[in-house]
Amino acid sequence: MFHGLCAFSLLHCGRGEEKVRVIRETCSDGEMIQDIDFIVFDADDTLWDCQGHFEVVMQRLYDELLPWTGTREAAASELYATERKNMRLLGFGVKAFTLSMLETAMRVSQGQMSANTLSDILRQCYTLLEFPCTPLPEVKETLWQLTQQGRRMVLFTKGELLDQQHKLERSGLGRYFEHVEITSDKREADFRLLARKLGAAPRSLVMVGNSLKSDMAPALAAGWRAVYIPFHVTWQLERHEHFEHERLTEISHFAQLLSVL
C-alpha cells in the first residue's frame with residue numbers, strides 16, 4: 001500500500017442547496033460492509049474538531065452585537081443570513097467566514113461598532129487558520145489499524161485549498177491517505193468525479209463523515225455506501241434532517257469502523 005499524499009486537487013464547482021431525499025434501512029447487528037476498494041474520509045469534525053473553534057469566535061461576535069440585537073439568538077440569525085447570502089460567491093473556509101463576520105458586525109451595528117472591536121474580531125478569525133488539528137478520540141489508532149489491514153484510504157474534504165492542506169499537515173494524519181481531494185463543495189457530481197479518478201465502482205466506495213448534508217446524502221445519491229459519525233456540534237448551514245437508507249450505517253464513535261467495515 002502506498003503511503004503519503006498522492007495528489008491534491010481543487011475542483012471548481014457551483015453552489016447550491018439541493019436536498020437529496022434518501023431512505024435508510026438500519027443495518028442489522030453484526031452486518032458488515034464488504035467488497036470495499038476505498039474508504040473515503042471527510043476531514044473537519046470527522047478526523048479533528050473544526051466547528052468547535054469556529055463556535056468560540058462566533059460567540060465573541062454575538063456578545064458584541066447584543067446592544068443592537070438584544071439576544072444572542074438574534075445575533076446568530078444575522079450571521080447565518082449573511083453566510084447564506086455569501087455562500088454562492090465565497091464558498092467555505094476561514095476567509096469566507098471572516099468576511100461574513102465583519103459584514104454582519106458592520107451591517108447590524110449600522111456602522112457604529114468601533115474599529116478596535118472590529119480589529120479584535122478580525123484577530124480572532126485569524127486564529128482559525130492555525131488552531132491545533134488534534135485527531136479526535138480513536139481516530140489515529142483506527143486509521144493505523146485499517147492501514148495494517150491493507151485498506152486503501154482517501155481524504156475528501158471541502159474548503160479552501162491551502163487552509164485544508166495546512167490542517168492536514170497539522171493533524172499528522174497525511175501518511176494514512178493514498179489520495180487527497182480538496183473541493184469547493186461536495187455534491188453528487190463531485191462524488192461521481194472522485195469515483196472516476198479512483199477508477200472504482202460506486203458501490204465499492206464508502207464515505208465516512210459527520211455531515212448528513214455534505215457527506216452522506218450526495219455520496220448515497222452517487223451510488224456509494226456511507227458511514228455516518230455524528231459530531232456534537234453542527235454548523236447551521238450543514239444541518240439536515242435525519243434520514244434512512246439501505247446503504248447508510250450510523251455509528252457512535254470512530255473505532256466502530258473496525259466492526260462495520
# chains A, B, ... in the order shown; residues from 1 in each chain; ligands from 1
call {"tool": "residues_around", "arguments": {"residues": "A:Leu173", "least_positions_apart": "5", "cutoff": "9 Å", "atoms": "only C-alpha atoms", "output": "MDAnalysis selection string"}}
result
chainID A and resid 47 135 140 143 168
call {"tool": "write_last_selection", "arguments": {"atoms": "C-alpha atoms", "output": "short mmCIF file (atom, residue, chain, number, x, y, z; two decimals), in the first residue's frame"}}
result
data_model
loop_
_atom_site.label_atom_id
_atom_site.label_comp_id
_atom_site.auth_asym_id
_atom_site.auth_seq_id
_atom_site.Cartn_x
_atom_site.Cartn_y
_atom_site.Cartn_z
CA LEU A 47 -10.93 13.44 11.97
CA PRO A 135 -7.10 13.94 15.96
CA LYS A 140 -5.30 7.81 14.88
CA LEU A 143 -6.57 4.63 10.88
CA LEU A 168 -3.99 18.01 7.31
#
call {"tool": "select_by_dssp", "arguments": {"residues": "stretch 151-257 of chain A", "states": "helix (DSSP H, G or I)", "output": "ChimeraX atom specification"}}
result
/A:161-171,174-176,188-198,202-204,212-221,236-238,254-257
call {"tool": "select_by_dssp", "arguments": {"residues": "stretch 30-253 of chain A", "states": "strand (DSSP E or B)", "output": "NGL selection string"}}
result
:A and (38-41 or 44 or 48 or 135 or 153-158 or 179-183 or 205-209 or 225-228 or 244 or 248-250)
call {"tool": "residues_around", "arguments": {"residues": "stretch 90-98 of chain A", "least_positions_apart": "5", "cutoff": "8 Å", "atoms": "only C-alpha atoms", "output": "ChimeraX atom specification"}}
result
/A:15,83,122,125-126,128-129,158-160,163,184-185
call {"tool": "closest_residue", "arguments": {"among": "A:Tyr62, A:Phe177, A:Met87, A:Ala195", "to": "A:Leu102", "atoms": "only C-alpha atoms"}}
result
A:Tyr62
call {"tool": "decode", "arguments": {"residues": "stretch 29-99 of chain A", "atoms": "C-alpha atoms", "output": "short mmCIF file (atom, residue, chain, number, x, y, z; two decimals), in the first residue's frame"}}
result
data_model
loop_
_atom_site.label_atom_id
_atom_site.label_comp_id
_atom_site.auth_asym_id
_atom_site.auth_seq_id
_atom_site.Cartn_x
_atom_site.Cartn_y
_atom_site.Cartn_z
CA ASP A 29 -26.36 -6.12 14.28
CA GLY A 30 -23.11 -7.68 13.14
CA GLU A 31 -23.65 -6.91 9.46
CA MET A 32 -20.51 -5.65 7.74
CA ILE A 33 -19.94 -3.56 4.63
CA GLN A 34 -17.96 -5.77 2.27
CA ASP A 35 -16.18 -5.59 -1.11
CA ILE A 36 -14.61 -2.19 -0.41
CA ASP A 37 -11.95 -0.73 -2.72
CA PHE A 38 -11.52 2.61 -0.94
CA ILE A 39 -12.57 4.08 2.39
CA VAL A 40 -13.08 7.81 1.86
CA PHE A 41 -12.94 10.12 4.87
CA ASP A 42 -14.23 13.61 5.48
CA ALA A 43 -11.78 15.81 7.41
CA ASP A 44 -13.29 18.60 9.55
CA ASP A 45 -15.31 17.33 12.52
CA THR A 46 -14.69 13.74 11.42
CA LEU A 47 -10.93 13.44 11.97
CA TRP A 48 -10.42 16.58 14.09
CA ASP A 49 -12.53 19.28 15.72
CA CYS A 50 -13.12 22.28 13.47
CA GLN A 51 -16.56 23.69 14.21
CA GLY A 52 -15.83 23.93 17.93
CA HIS A 53 -13.12 26.51 17.21
CA PHE A 54 -15.45 28.48 14.93
CA GLU A 55 -18.14 28.47 17.62
CA VAL A 56 -15.80 30.23 20.07
CA VAL A 57 -15.17 33.05 17.59
CA MET A 58 -18.85 33.31 16.72
CA GLN A 59 -19.76 33.76 20.38
CA ARG A 60 -17.45 36.78 20.52
CA LEU A 61 -19.42 38.41 17.71
CA TYR A 62 -22.74 37.61 19.39
CA ASP A 63 -21.53 39.32 22.57
CA GLU A 64 -20.58 42.48 20.69
CA LEU A 65 -23.88 42.61 18.81
CA LEU A 66 -26.09 42.41 21.91
CA PRO A 67 -26.62 46.21 22.09
CA TRP A 68 -28.26 46.01 18.65
CA THR A 69 -29.86 42.56 18.61
CA GLY A 70 -30.91 42.18 22.24
CA THR A 71 -30.26 38.42 22.25
CA ARG A 72 -27.50 36.07 21.17
CA GLU A 73 -30.06 34.06 19.19
CA ALA A 74 -30.92 37.12 17.11
CA ALA A 75 -27.22 37.81 16.53
CA ALA A 76 -26.72 34.20 15.41
CA SER A 77 -29.60 34.57 12.96
CA GLU A 78 -28.00 37.68 11.49
CA LEU A 79 -24.68 35.88 10.94
CA TYR A 80 -26.46 32.89 9.41
CA ALA A 81 -28.29 35.18 6.98
CA THR A 82 -25.02 36.78 5.91
CA GLU A 83 -23.22 33.45 5.46
CA ARG A 84 -26.09 32.03 3.45
CA LYS A 85 -26.15 35.10 1.20
CA ASN A 86 -22.39 34.95 0.64
CA MET A 87 -22.15 31.20 0.09
CA ARG A 88 -22.57 31.33 -3.67
CA LEU A 89 -19.62 33.71 -4.15
CA LEU A 90 -17.38 32.93 -1.19
CA GLY A 91 -17.92 29.22 -0.57
CA PHE A 92 -16.48 27.59 2.54
CA GLY A 93 -13.45 28.37 4.67
CA VAL A 94 -11.93 30.86 7.07
CA LYS A 95 -11.72 33.72 4.57
CA ALA A 96 -15.40 33.45 3.71
CA PHE A 97 -16.27 33.19 7.40
CA THR A 98 -14.16 36.26 8.26
CA LEU A 99 -15.79 38.40 5.59
#
